[in-house]
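Engineer: Just so it is clear, I am handing over query_0.cif, which has mmCIF, N, CA and C atoms and all ligand atoms.
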data_structure
#
loop_
_atom_site.label_atom_id
_atom_site.label_comp_id
_atom_site.auth_asym_id
_atom_site.auth_seq_id
_atom_site.Cartn_x
_atom_site.Cartn_y
_atom_site.Cartn_z
N MET A 1 -6.48 -37.75 -51.28
CA MET A 1 -5.63 -38.14 -50.18
C MET A 1 -5.08 -39.55 -50.44
N SER A 2 -3.84 -39.73 -50.17
CA SER A 2 -3.26 -41.05 -50.37
C SER A 2 -3.44 -41.89 -49.12
N GLU A 3 -3.73 -43.14 -49.34
CA GLU A 3 -3.86 -44.07 -48.22
C GLU A 3 -2.97 -45.26 -48.52
N LYS A 4 -1.99 -45.46 -47.68
CA LYS A 4 -1.05 -46.54 -47.90
C LYS A 4 -1.20 -47.57 -46.80
N SER A 5 -1.11 -48.82 -47.20
CA SER A 5 -1.23 -49.87 -46.19
C SER A 5 0.13 -50.27 -45.64
N GLU A 6 1.17 -49.95 -46.38
CA GLU A 6 2.49 -50.30 -45.89
C GLU A 6 2.97 -49.25 -44.87
N VAL A 7 4.05 -49.57 -44.21
CA VAL A 7 4.61 -48.63 -43.24
C VAL A 7 5.06 -47.38 -44.00
N VAL A 8 4.74 -46.25 -43.44
CA VAL A 8 5.04 -44.99 -44.10
C VAL A 8 6.41 -44.49 -43.62
N HIS A 9 7.22 -44.10 -44.56
CA HIS A 9 8.54 -43.57 -44.21
C HIS A 9 8.60 -42.10 -44.59
N SER A 10 9.28 -41.35 -43.76
CA SER A 10 9.56 -39.96 -44.12
C SER A 10 11.02 -39.92 -44.54
N SER A 11 11.61 -38.75 -44.54
CA SER A 11 13.01 -38.67 -44.90
C SER A 11 13.82 -39.47 -43.89
N GLY A 12 14.88 -40.09 -44.34
CA GLY A 12 15.66 -40.95 -43.47
C GLY A 12 14.99 -42.30 -43.33
N ASP A 13 15.38 -43.04 -42.32
CA ASP A 13 14.83 -44.38 -42.14
C ASP A 13 13.83 -44.46 -41.00
N GLU A 14 13.36 -43.32 -40.55
CA GLU A 14 12.42 -43.30 -39.43
C GLU A 14 11.11 -43.99 -39.83
N VAL A 15 10.63 -44.88 -39.00
CA VAL A 15 9.40 -45.61 -39.27
C VAL A 15 8.25 -44.97 -38.52
N HIS A 16 7.16 -44.78 -39.23
CA HIS A 16 5.97 -44.17 -38.63
C HIS A 16 4.88 -45.22 -38.49
N LEU A 17 3.81 -44.84 -37.85
CA LEU A 17 2.65 -45.72 -37.75
C LEU A 17 2.05 -45.94 -39.13
N THR A 18 1.48 -47.11 -39.34
CA THR A 18 0.78 -47.32 -40.61
C THR A 18 -0.55 -46.58 -40.56
N VAL A 19 -1.12 -46.39 -41.74
CA VAL A 19 -2.44 -45.75 -41.80
C VAL A 19 -3.45 -46.59 -41.03
N GLU A 20 -3.35 -47.92 -41.13
CA GLU A 20 -4.29 -48.79 -40.40
C GLU A 20 -4.16 -48.60 -38.89
N GLN A 21 -2.91 -48.49 -38.43
CA GLN A 21 -2.70 -48.26 -37.00
C GLN A 21 -3.27 -46.91 -36.58
N MET A 22 -3.04 -45.91 -37.42
CA MET A 22 -3.58 -44.59 -37.12
C MET A 22 -5.10 -44.63 -37.09
N ARG A 23 -5.69 -45.25 -38.10
CA ARG A 23 -7.15 -45.29 -38.20
C ARG A 23 -7.76 -46.01 -36.98
N GLU A 24 -7.14 -47.11 -36.59
CA GLU A 24 -7.63 -47.86 -35.43
C GLU A 24 -7.61 -46.99 -34.17
N TYR A 25 -6.52 -46.28 -33.99
CA TYR A 25 -6.39 -45.44 -32.80
C TYR A 25 -7.36 -44.25 -32.86
N VAL A 26 -7.50 -43.67 -34.04
CA VAL A 26 -8.43 -42.54 -34.21
C VAL A 26 -9.87 -42.99 -33.94
N GLU A 27 -10.23 -44.16 -34.43
CA GLU A 27 -11.60 -44.66 -34.20
C GLU A 27 -11.88 -44.88 -32.72
N GLU A 28 -10.83 -45.17 -31.97
CA GLU A 28 -10.96 -45.35 -30.53
C GLU A 28 -11.07 -43.98 -29.83
N LEU A 29 -10.25 -43.04 -30.26
CA LEU A 29 -10.15 -41.75 -29.57
C LEU A 29 -11.20 -40.72 -29.98
N LEU A 30 -11.54 -40.71 -31.25
CA LEU A 30 -12.39 -39.62 -31.77
C LEU A 30 -13.74 -39.51 -31.04
N PRO A 31 -14.46 -40.61 -30.85
CA PRO A 31 -15.75 -40.47 -30.14
C PRO A 31 -15.58 -39.95 -28.72
N LEU A 32 -14.51 -40.38 -28.06
CA LEU A 32 -14.25 -39.91 -26.69
C LEU A 32 -14.04 -38.41 -26.65
N TRP A 33 -13.19 -37.92 -27.56
CA TRP A 33 -12.85 -36.49 -27.54
C TRP A 33 -13.99 -35.64 -28.09
N ILE A 34 -14.77 -36.17 -29.01
CA ILE A 34 -15.95 -35.44 -29.48
C ILE A 34 -16.91 -35.24 -28.31
N GLN A 35 -17.07 -36.25 -27.50
CA GLN A 35 -17.95 -36.17 -26.34
C GLN A 35 -17.37 -35.21 -25.29
N ARG A 36 -16.09 -35.39 -24.97
CA ARG A 36 -15.45 -34.57 -23.95
C ARG A 36 -15.46 -33.09 -24.30
N LEU A 37 -15.26 -32.80 -25.58
CA LEU A 37 -15.17 -31.39 -26.00
C LEU A 37 -16.54 -30.82 -26.39
N GLY A 38 -17.56 -31.63 -26.24
CA GLY A 38 -18.91 -31.11 -26.42
C GLY A 38 -19.28 -30.79 -27.86
N CYS A 39 -18.88 -31.64 -28.78
CA CYS A 39 -19.29 -31.40 -30.17
C CYS A 39 -19.91 -32.66 -30.80
N PRO A 40 -20.82 -33.34 -30.07
CA PRO A 40 -21.43 -34.53 -30.65
C PRO A 40 -22.42 -34.23 -31.77
N HIS A 41 -22.83 -32.96 -31.89
CA HIS A 41 -23.76 -32.59 -32.96
C HIS A 41 -23.04 -32.39 -34.28
N TRP A 42 -21.71 -32.43 -34.27
CA TRP A 42 -20.93 -32.29 -35.49
C TRP A 42 -20.73 -33.65 -36.15
N SER A 43 -20.69 -33.65 -37.46
CA SER A 43 -20.30 -34.82 -38.22
C SER A 43 -18.84 -34.63 -38.60
N ILE A 44 -17.97 -35.41 -37.98
CA ILE A 44 -16.52 -35.20 -38.14
C ILE A 44 -15.89 -36.45 -38.73
N SER A 45 -15.27 -36.27 -39.88
CA SER A 45 -14.58 -37.40 -40.51
C SER A 45 -13.07 -37.15 -40.49
N VAL A 46 -12.32 -38.22 -40.61
CA VAL A 46 -10.86 -38.11 -40.60
C VAL A 46 -10.32 -38.79 -41.85
N THR A 47 -9.45 -38.10 -42.55
CA THR A 47 -8.75 -38.70 -43.68
C THR A 47 -7.26 -38.71 -43.39
N TYR A 48 -6.54 -39.50 -44.14
CA TYR A 48 -5.12 -39.70 -43.88
C TYR A 48 -4.32 -39.40 -45.14
N GLY A 49 -3.40 -38.47 -45.02
CA GLY A 49 -2.59 -38.10 -46.16
C GLY A 49 -1.97 -36.75 -45.91
N PRO A 50 -1.26 -36.24 -46.90
CA PRO A 50 -0.59 -34.95 -46.72
C PRO A 50 -1.58 -33.79 -46.60
N CYS A 51 -1.19 -32.78 -45.85
CA CYS A 51 -2.00 -31.58 -45.69
C CYS A 51 -1.71 -30.62 -46.84
N SER A 52 -2.49 -29.56 -46.94
CA SER A 52 -2.29 -28.59 -48.02
C SER A 52 -0.94 -27.89 -47.88
N ASN A 53 -0.43 -27.81 -46.67
CA ASN A 53 0.92 -27.31 -46.43
C ASN A 53 1.76 -28.49 -45.95
N PRO A 54 2.84 -28.83 -46.67
CA PRO A 54 3.61 -30.04 -46.31
C PRO A 54 4.25 -29.97 -44.92
N ASP A 55 4.32 -28.78 -44.34
CA ASP A 55 4.89 -28.66 -42.99
C ASP A 55 3.88 -28.99 -41.89
N TRP A 56 2.62 -29.06 -42.26
CA TRP A 56 1.57 -29.31 -41.26
C TRP A 56 1.41 -30.81 -41.02
N SER A 57 1.17 -31.18 -39.78
CA SER A 57 0.91 -32.58 -39.45
C SER A 57 -0.58 -32.90 -39.53
N ALA A 58 -1.41 -31.86 -39.44
CA ALA A 58 -2.86 -32.06 -39.47
C ALA A 58 -3.53 -30.77 -39.89
N GLN A 59 -4.74 -30.89 -40.37
CA GLN A 59 -5.53 -29.71 -40.68
C GLN A 59 -7.00 -30.07 -40.58
N CYS A 60 -7.82 -29.04 -40.56
CA CYS A 60 -9.24 -29.25 -40.37
C CYS A 60 -10.01 -28.27 -41.24
N SER A 61 -10.94 -28.78 -42.04
CA SER A 61 -11.83 -27.89 -42.79
C SER A 61 -13.22 -28.02 -42.17
N ARG A 62 -13.93 -26.91 -42.14
CA ARG A 62 -15.22 -26.87 -41.45
C ARG A 62 -16.29 -26.23 -42.31
N GLN A 63 -17.49 -26.78 -42.24
CA GLN A 63 -18.69 -26.15 -42.81
C GLN A 63 -19.61 -25.90 -41.64
N VAL A 64 -19.42 -24.74 -41.01
CA VAL A 64 -20.08 -24.48 -39.74
C VAL A 64 -21.59 -24.44 -39.88
N ALA A 65 -22.09 -24.03 -41.03
CA ALA A 65 -23.54 -23.97 -41.21
C ALA A 65 -24.17 -25.36 -41.16
N TYR A 66 -23.37 -26.38 -41.43
CA TYR A 66 -23.88 -27.75 -41.46
C TYR A 66 -23.32 -28.63 -40.35
N ASP A 67 -22.48 -28.05 -39.49
CA ASP A 67 -21.81 -28.83 -38.43
C ASP A 67 -21.06 -30.02 -39.01
N VAL A 68 -20.34 -29.76 -40.07
CA VAL A 68 -19.56 -30.81 -40.73
C VAL A 68 -18.09 -30.39 -40.75
N ALA A 69 -17.22 -31.31 -40.37
CA ALA A 69 -15.79 -31.02 -40.40
C ALA A 69 -15.03 -32.23 -40.90
N GLU A 70 -13.91 -31.95 -41.54
CA GLU A 70 -13.03 -33.03 -41.99
C GLU A 70 -11.63 -32.74 -41.48
N ILE A 71 -11.10 -33.68 -40.74
CA ILE A 71 -9.74 -33.57 -40.21
C ILE A 71 -8.84 -34.41 -41.08
N THR A 72 -7.70 -33.86 -41.46
CA THR A 72 -6.70 -34.61 -42.20
C THR A 72 -5.49 -34.82 -41.30
N LEU A 73 -5.05 -36.05 -41.19
CA LEU A 73 -3.84 -36.37 -40.43
C LEU A 73 -2.80 -36.91 -41.41
N ASP A 74 -1.61 -36.35 -41.36
CA ASP A 74 -0.54 -36.81 -42.25
C ASP A 74 0.28 -37.88 -41.53
N PRO A 75 0.22 -39.12 -42.01
CA PRO A 75 0.96 -40.20 -41.34
C PRO A 75 2.47 -39.92 -41.25
N ALA A 76 3.01 -39.20 -42.22
CA ALA A 76 4.44 -38.92 -42.22
C ALA A 76 4.86 -38.00 -41.08
N HIS A 77 3.90 -37.35 -40.43
CA HIS A 77 4.21 -36.43 -39.34
C HIS A 77 3.82 -36.98 -37.97
N HIS A 78 3.43 -38.24 -37.91
CA HIS A 78 3.00 -38.81 -36.63
C HIS A 78 3.78 -40.09 -36.34
N ASP A 79 4.51 -40.06 -35.23
CA ASP A 79 5.34 -41.20 -34.86
C ASP A 79 4.79 -41.98 -33.67
N SER A 80 3.75 -41.49 -33.05
CA SER A 80 3.25 -42.17 -31.85
C SER A 80 1.76 -41.90 -31.69
N LYS A 81 1.15 -42.71 -30.84
CA LYS A 81 -0.26 -42.51 -30.53
C LYS A 81 -0.49 -41.18 -29.83
N GLU A 82 0.49 -40.77 -29.02
CA GLU A 82 0.37 -39.50 -28.31
C GLU A 82 0.31 -38.34 -29.30
N GLU A 83 1.11 -38.41 -30.34
CA GLU A 83 1.09 -37.35 -31.35
C GLU A 83 -0.25 -37.32 -32.09
N ILE A 84 -0.80 -38.49 -32.34
CA ILE A 84 -2.11 -38.55 -33.00
C ILE A 84 -3.16 -37.93 -32.10
N GLU A 85 -3.14 -38.27 -30.83
CA GLU A 85 -4.13 -37.73 -29.90
C GLU A 85 -3.97 -36.21 -29.80
N ARG A 86 -2.73 -35.74 -29.74
CA ARG A 86 -2.48 -34.30 -29.65
C ARG A 86 -3.04 -33.59 -30.89
N SER A 87 -2.80 -34.17 -32.06
CA SER A 87 -3.32 -33.57 -33.30
C SER A 87 -4.84 -33.59 -33.33
N LEU A 88 -5.43 -34.71 -32.92
CA LEU A 88 -6.89 -34.81 -32.93
C LEU A 88 -7.50 -33.75 -32.02
N ILE A 89 -6.98 -33.61 -30.82
CA ILE A 89 -7.51 -32.62 -29.88
C ILE A 89 -7.35 -31.22 -30.46
N HIS A 90 -6.18 -30.95 -31.01
CA HIS A 90 -5.93 -29.63 -31.60
C HIS A 90 -6.96 -29.32 -32.69
N GLU A 91 -7.17 -30.26 -33.58
CA GLU A 91 -8.12 -30.01 -34.68
C GLU A 91 -9.55 -29.94 -34.18
N LEU A 92 -9.90 -30.72 -33.18
CA LEU A 92 -11.25 -30.63 -32.61
C LEU A 92 -11.46 -29.29 -31.93
N LEU A 93 -10.41 -28.72 -31.38
CA LEU A 93 -10.55 -27.39 -30.78
C LEU A 93 -10.78 -26.34 -31.87
N HIS A 94 -10.23 -26.56 -33.05
CA HIS A 94 -10.57 -25.68 -34.19
C HIS A 94 -12.06 -25.80 -34.51
N VAL A 95 -12.59 -27.02 -34.41
CA VAL A 95 -14.03 -27.20 -34.63
C VAL A 95 -14.82 -26.39 -33.60
N LYS A 96 -14.34 -26.41 -32.34
CA LYS A 96 -15.03 -25.65 -31.29
C LYS A 96 -15.07 -24.15 -31.61
N LEU A 97 -14.08 -23.66 -32.32
CA LEU A 97 -14.00 -22.24 -32.64
C LEU A 97 -14.60 -21.92 -34.01
N ALA A 98 -15.24 -22.89 -34.63
CA ALA A 98 -15.71 -22.74 -36.01
C ALA A 98 -16.71 -21.62 -36.20
N VAL A 99 -17.42 -21.25 -35.16
CA VAL A 99 -18.40 -20.18 -35.32
C VAL A 99 -17.72 -18.87 -35.75
N PHE A 100 -16.46 -18.70 -35.38
CA PHE A 100 -15.74 -17.51 -35.81
C PHE A 100 -15.47 -17.50 -37.31
N ASP A 101 -15.51 -18.68 -37.93
CA ASP A 101 -15.37 -18.75 -39.39
C ASP A 101 -16.47 -17.94 -40.07
N LEU A 102 -17.68 -17.99 -39.51
CA LEU A 102 -18.79 -17.25 -40.09
C LEU A 102 -18.50 -15.75 -40.09
N TYR A 103 -18.04 -15.27 -38.95
CA TYR A 103 -17.70 -13.86 -38.83
C TYR A 103 -16.63 -13.47 -39.85
N ARG A 104 -15.58 -14.26 -39.89
CA ARG A 104 -14.47 -13.94 -40.79
C ARG A 104 -14.90 -13.97 -42.25
N ASN A 105 -15.72 -14.94 -42.61
CA ASN A 105 -16.16 -15.05 -44.00
C ASN A 105 -16.90 -13.79 -44.44
N VAL A 106 -17.72 -13.25 -43.56
CA VAL A 106 -18.47 -12.04 -43.92
C VAL A 106 -17.55 -10.83 -43.96
N VAL A 107 -16.69 -10.71 -42.96
CA VAL A 107 -15.82 -9.54 -42.87
C VAL A 107 -14.83 -9.48 -44.03
N THR A 108 -14.40 -10.62 -44.52
CA THR A 108 -13.36 -10.63 -45.55
C THR A 108 -13.91 -10.89 -46.96
N GLN A 109 -15.21 -10.95 -47.13
CA GLN A 109 -15.74 -11.36 -48.43
C GLN A 109 -15.41 -10.38 -49.57
N ASN A 110 -15.21 -9.12 -49.27
CA ASN A 110 -14.88 -8.15 -50.32
C ASN A 110 -13.40 -7.78 -50.34
N ARG A 111 -12.61 -8.52 -49.62
CA ARG A 111 -11.19 -8.24 -49.52
C ARG A 111 -10.48 -8.64 -50.82
N LEU A 112 -9.53 -7.82 -51.25
CA LEU A 112 -8.77 -8.15 -52.45
C LEU A 112 -7.60 -9.07 -52.09
N PRO A 113 -7.56 -10.27 -52.68
CA PRO A 113 -6.49 -11.21 -52.37
C PRO A 113 -5.12 -10.66 -52.74
N GLY A 114 -4.15 -10.93 -51.90
CA GLY A 114 -2.77 -10.55 -52.21
C GLY A 114 -2.38 -9.15 -51.79
N THR A 115 -3.34 -8.36 -51.33
CA THR A 115 -3.01 -7.01 -50.89
C THR A 115 -2.35 -7.06 -49.51
N ALA A 116 -1.74 -5.96 -49.13
CA ALA A 116 -1.11 -5.89 -47.80
C ALA A 116 -2.16 -6.13 -46.72
N ALA A 117 -3.33 -5.52 -46.90
CA ALA A 117 -4.40 -5.69 -45.91
C ALA A 117 -4.82 -7.16 -45.83
N ASP A 118 -4.87 -7.82 -46.96
CA ASP A 118 -5.24 -9.23 -47.01
C ASP A 118 -4.21 -10.07 -46.26
N ARG A 119 -2.93 -9.81 -46.53
CA ARG A 119 -1.87 -10.58 -45.86
C ARG A 119 -1.87 -10.31 -44.36
N GLU A 120 -2.05 -9.06 -43.98
CA GLU A 120 -2.08 -8.73 -42.55
C GLU A 120 -3.24 -9.41 -41.84
N GLU A 121 -4.39 -9.37 -42.47
CA GLU A 121 -5.57 -10.00 -41.85
C GLU A 121 -5.36 -11.50 -41.74
N SER A 122 -4.84 -12.13 -42.79
CA SER A 122 -4.62 -13.57 -42.76
C SER A 122 -3.64 -13.96 -41.65
N ALA A 123 -2.56 -13.20 -41.54
CA ALA A 123 -1.56 -13.50 -40.51
C ALA A 123 -2.15 -13.31 -39.11
N LEU A 124 -2.91 -12.24 -38.93
CA LEU A 124 -3.52 -11.98 -37.63
C LEU A 124 -4.56 -13.04 -37.30
N TRP A 125 -5.36 -13.43 -38.29
CA TRP A 125 -6.36 -14.47 -38.09
C TRP A 125 -5.68 -15.77 -37.65
N GLU A 126 -4.64 -16.16 -38.39
CA GLU A 126 -3.92 -17.40 -38.08
C GLU A 126 -3.36 -17.37 -36.66
N PHE A 127 -2.72 -16.26 -36.32
CA PHE A 127 -2.13 -16.12 -34.99
C PHE A 127 -3.20 -16.20 -33.90
N THR A 128 -4.28 -15.46 -34.10
CA THR A 128 -5.33 -15.39 -33.09
C THR A 128 -5.99 -16.75 -32.87
N ILE A 129 -6.32 -17.41 -33.96
CA ILE A 129 -6.99 -18.71 -33.84
C ILE A 129 -6.07 -19.75 -33.21
N GLU A 130 -4.79 -19.75 -33.64
CA GLU A 130 -3.86 -20.73 -33.06
C GLU A 130 -3.64 -20.47 -31.57
N GLN A 131 -3.58 -19.20 -31.18
CA GLN A 131 -3.43 -18.89 -29.75
C GLN A 131 -4.67 -19.33 -28.97
N ALA A 132 -5.83 -19.14 -29.54
CA ALA A 132 -7.06 -19.57 -28.87
C ALA A 132 -7.08 -21.09 -28.73
N VAL A 133 -6.66 -21.80 -29.77
CA VAL A 133 -6.61 -23.27 -29.69
C VAL A 133 -5.61 -23.70 -28.61
N LYS A 134 -4.45 -23.05 -28.58
CA LYS A 134 -3.45 -23.40 -27.56
C LYS A 134 -3.99 -23.14 -26.15
N ASP A 135 -4.68 -22.03 -25.98
CA ASP A 135 -5.25 -21.72 -24.66
C ASP A 135 -6.31 -22.75 -24.26
N LEU A 136 -7.15 -23.14 -25.21
CA LEU A 136 -8.15 -24.17 -24.91
C LEU A 136 -7.47 -25.49 -24.57
N ARG A 137 -6.39 -25.78 -25.27
CA ARG A 137 -5.64 -27.02 -24.99
C ARG A 137 -5.08 -26.99 -23.57
N ARG A 138 -4.56 -25.83 -23.18
CA ARG A 138 -4.06 -25.70 -21.81
C ARG A 138 -5.19 -25.90 -20.81
N MET A 139 -6.35 -25.38 -21.14
CA MET A 139 -7.50 -25.53 -20.25
C MET A 139 -7.86 -27.01 -20.13
N VAL A 140 -7.90 -27.71 -21.24
CA VAL A 140 -8.22 -29.13 -21.23
C VAL A 140 -7.16 -29.89 -20.41
N SER A 141 -5.89 -29.54 -20.61
CA SER A 141 -4.82 -30.19 -19.85
C SER A 141 -4.96 -29.92 -18.36
N GLY A 142 -5.38 -28.71 -18.04
CA GLY A 142 -5.56 -28.33 -16.64
C GLY A 142 -6.67 -29.10 -15.96
N MET A 143 -7.54 -29.69 -16.77
CA MET A 143 -8.61 -30.53 -16.24
C MET A 143 -8.17 -31.98 -16.26
N GLY A 144 -6.87 -32.16 -16.20
CA GLY A 144 -6.26 -33.49 -16.37
C GLY A 144 -6.93 -34.60 -15.59
N GLY A 145 -7.40 -34.29 -14.38
CA GLY A 145 -8.04 -35.33 -13.59
C GLY A 145 -9.28 -35.89 -14.26
N LEU A 146 -9.89 -35.06 -15.10
CA LEU A 146 -11.11 -35.50 -15.77
C LEU A 146 -10.81 -36.36 -16.99
N PHE A 147 -9.64 -36.15 -17.59
CA PHE A 147 -9.34 -36.82 -18.83
C PHE A 147 -8.23 -37.81 -18.63
ZN ZN B 1 -4.18 -25.11 -35.46
#
Could you express the structure from this file as structure tokens?
Structural biologist:
Amino acid sequence: MSEKSEVVHSSGDEVHLTVEQMREYVEELLPLWIQRLGCPHWSISVTYGPCSNPDWSAQCSRQVAYDVAEITLDPAHHDSKEEIERSLIHELLHVKLAVFDLYRNVVTQNRLPGTAADREESALWEFTIEQAVKDLRRMVSGMGGLF
């Protein structure tokens, strides 16, 4: 992961938050949201740099058996503290759903990569998990008075 101390620019002249600014804000927000979302037993780290898909602003990898997760935030995709908070909450909600990773890993372990069945399952998995994260986000927003 690349870590730059200078202001990060994307295409055009748009100026984004520096990695230091992002890190400072994440260090302030992460413990709060870990507590609020009920995952203090997880060890969650955050790195800064591009995601595996350049269109993504953030991603999260999880080792559910160890309660360990790593969130990646791409500085080039975040222009405000609100966007950082939105990404952090989104990725933490993926952590909340991590137990389903265990199920999927077992169900798909003998699947042949690149087959139609593989592509269909991957697309359905992605859709289902993202919808669940969005629904949880709506639930959290609906508790606005608490947060
Ligand atoms: Zn997601």
Engineer: Using only N, CA and C atoms, determine which residues lie at most 8 Å from His41 (chain A), disregarding the query and same-chain residues fewer than 4 positions distant; provide the list as a PyMOL selection string.
Structural biologist: chain A and resi 34-35+66-68
Engineer: So, counting all atoms listed in the file, which residue among A:Glu130, A:Glu28, A:Glu82, A:Glu121 is closest to ligand ZN 1 (chain B)?
Structural biologist: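 Looking only at the distances to ligand ZN 1 (chain B), the closest residue turns out to be A:Glu130.
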Engineer: Go through chain A residue by residue and, counting only C-alpha atoms and all ligand atoms, keep those with an atom at most 7 Å from ligand ZN 1 (chain B); for each kept residue give the shortest atom pair and its distance in Å to one decimal, ordered by chain and increasing number, as a tab-separated table.
Structural biologist:
residue	atom	partner	partner_atom	distance
A:His90	CA	B:ZN1	ZN	6.2
A:Glu91	CA	B:ZN1	ZN	6.3
A:His94	CA	B:ZN1	ZN	6.5
A:Glu130	CA	B:ZN1	ZN	5.0
A:Val133	CA	B:ZN1	ZN	6.5
Engineer: Near Leu93 (chain A), counting all atoms listed in the file, which residues have an atom at most 8 Å away, once you skip same-chain residues fewer than 2 positions from it, shown as JSON, numbers by chain?
Structural biologist: {"A": [37, 87, 88, 89, 90, 91, 95, 96, 97, 98, 132, 133, 134, 136, 137]}
Engineer: Hey, can you spit out that residue selection with N, CA and C atoms as an mmCIF file, keeping the file's coordinate frame?
Structural biologist:
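To be explicit, this is the file written out as part12.cif:
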data_model
loop_
_atom_site.group_PDB
_atom_site.id
_atom_site.type_symbol
_atom_site.label_atom_id
_atom_site.label_comp_id
_atom_site.auth_asym_id
_atom_site.auth_seq_id
_atom_site.Cartn_x
_atom_site.Cartn_y
_atom_site.Cartn_z
ATOM 1 N N LEU A 37 -15.260 -32.800 -25.580
ATOM 2 C CA LEU A 37 -15.170 -31.390 -26.000
ATOM 3 C C LEU A 37 -16.540 -30.820 -26.390
ATOM 4 N N SER A 87 -2.800 -34.170 -32.060
ATOM 5 C CA SER A 87 -3.320 -33.570 -33.300
ATOM 6 C C SER A 87 -4.840 -33.590 -33.330
ATOM 7 N N LEU A 88 -5.430 -34.710 -32.920
ATOM 8 C CA LEU A 88 -6.890 -34.810 -32.930
ATOM 9 C C LEU A 88 -7.500 -33.750 -32.020
ATOM 10 N N ILE A 89 -6.980 -33.610 -30.820
ATOM 11 C CA ILE A 89 -7.510 -32.620 -29.880
ATOM 12 C C ILE A 89 -7.350 -31.220 -30.460
ATOM 13 N N HIS A 90 -6.180 -30.950 -31.010
ATOM 14 C CA HIS A 90 -5.930 -29.630 -31.600
ATOM 15 C C HIS A 90 -6.960 -29.320 -32.690
ATOM 16 N N GLU A 91 -7.170 -30.260 -33.580
ATOM 17 C CA GLU A 91 -8.120 -30.010 -34.680
ATOM 18 C C GLU A 91 -9.550 -29.940 -34.180
ATOM 19 N N VAL A 95 -12.590 -27.020 -34.410
ATOM 20 C CA VAL A 95 -14.030 -27.200 -34.630
ATOM 21 C C VAL A 95 -14.820 -26.390 -33.600
ATOM 22 N N LYS A 96 -14.340 -26.410 -32.340
ATOM 23 C CA LYS A 96 -15.030 -25.650 -31.290
ATOM 24 C C LYS A 96 -15.070 -24.150 -31.610
ATOM 25 N N LEU A 97 -14.080 -23.660 -32.320
ATOM 26 C CA LEU A 97 -14.000 -22.240 -32.640
ATOM 27 C C LEU A 97 -14.600 -21.920 -34.010
ATOM 28 N N ALA A 98 -15.240 -22.890 -34.630
ATOM 29 C CA ALA A 98 -15.710 -22.740 -36.010
ATOM 30 C C ALA A 98 -16.710 -21.620 -36.200
ATOM 31 N N ALA A 132 -5.830 -19.140 -29.540
ATOM 32 C CA ALA A 132 -7.060 -19.570 -28.870
ATOM 33 C C ALA A 132 -7.080 -21.090 -28.730
ATOM 34 N N VAL A 133 -6.660 -21.800 -29.770
ATOM 35 C CA VAL A 133 -6.610 -23.270 -29.690
ATOM 36 C C VAL A 133 -5.610 -23.700 -28.610
ATOM 37 N N LYS A 134 -4.450 -23.050 -28.580
ATOM 38 C CA LYS A 134 -3.450 -23.400 -27.560
ATOM 39 C C LYS A 134 -3.990 -23.140 -26.150
ATOM 40 N N LEU A 136 -7.150 -23.140 -25.210
ATOM 41 C CA LEU A 136 -8.150 -24.170 -24.910
ATOM 42 C C LEU A 136 -7.470 -25.490 -24.570
ATOM 43 N N ARG A 137 -6.390 -25.780 -25.270
ATOM 44 C CA ARG A 137 -5.640 -27.020 -24.990
ATOM 45 C C ARG A 137 -5.080 -26.990 -23.570
#
Engineer: By how many Å are atom N of Ser52 (chain A) and atom N of Gly142 (chain A) apart?
Structural biologist: 29.1 Å
Engineer: For a test of reading the model, state the distance in Å between atom C of Leu102 (chain A) and CA of Ser45 (chain A), rounded to one decimal.
Structural biologist: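 Straight-line distance from atom C of Leu102 (chain A) to CA of Ser45 (chain A) works out to 22.0 Å.
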Engineer: Pick the closest to Ile44 (chain A) from A:Ala123, A:Met22, A:Leu92, A:Leu29: which is it, counting only C-alpha atoms?
Structural biologist: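 Result for the nearest residue to Ile44 (chain A): A:Leu92.
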Engineer: Which is closer to Asn53 (chain A) than all the others in A:Met143, A:Ala65, A:Cys39, A:Leu73, using only C-alpha atoms?
Structural biologist: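 Checking each candidate against Asn53 (chain A), we get A:Leu73 as the closest.
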Engineer: Using DSSP assignments from the backbone, pull out every residue in chain A that falls under strand (DSSP E) and give it to me as a list in words.
Structural biologist: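 Here is the list: Ser43, Ile44, Ser45, Val46, Thr47, Tyr48, Ala58, Gln59, Cys60, Ser61, Arg62, Gln63, Val68, Ala69, Glu70, Ile71, Thr72 and Leu73 of chain A.
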Engineer: Kindly indicate which residue among A:Arg119, A:Leu17, A:Arg36, A:Ala58 lies nearest to Arg86 (chain A), using only C-alpha atoms for the distances.
Structural biologist: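 When distances to Arg86 (chain A) are compared using only C-alpha atoms, the smallest one comes from A:Ala58.
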Engineer: The residues within 7 Å of (3.0, -35.0, -39.5), using only C-alpha atoms and the coordinates of the file, should be reported as a PyMOL selection string; which are they?
Structural biologist: chain A and resi 56-58+74-78
Engineer: Would you please give, as a ChimeraX atom specification, all residues of region 14-146 of chain A that DSSP assigns to helix (DSSP H, G or I) based on the backbone?
Structural biologist: /A:19-36,64-66,75-77,81-96,99-107,116-142
Engineer: Could you tell me how far atom C of Cys60 (chain A) sits from atom C of Glu126 (chain A), in Å to one decimal place?
Structural biologist: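 Atom-to-atom, atom C of Glu126 (chain A) to atom C of Cys60 (chain A), that is 13.6 Å.
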Engineer: Just checking: using only C-alpha atoms, which residue out of A:Leu30, A:Ala69, A:Ile84, A:Cys51 ends up closest to Thr18 (chain A)?
Structural biologist: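 The shortest atom-to-atom distance to Thr18 (chain A) comes from A:Ile84.
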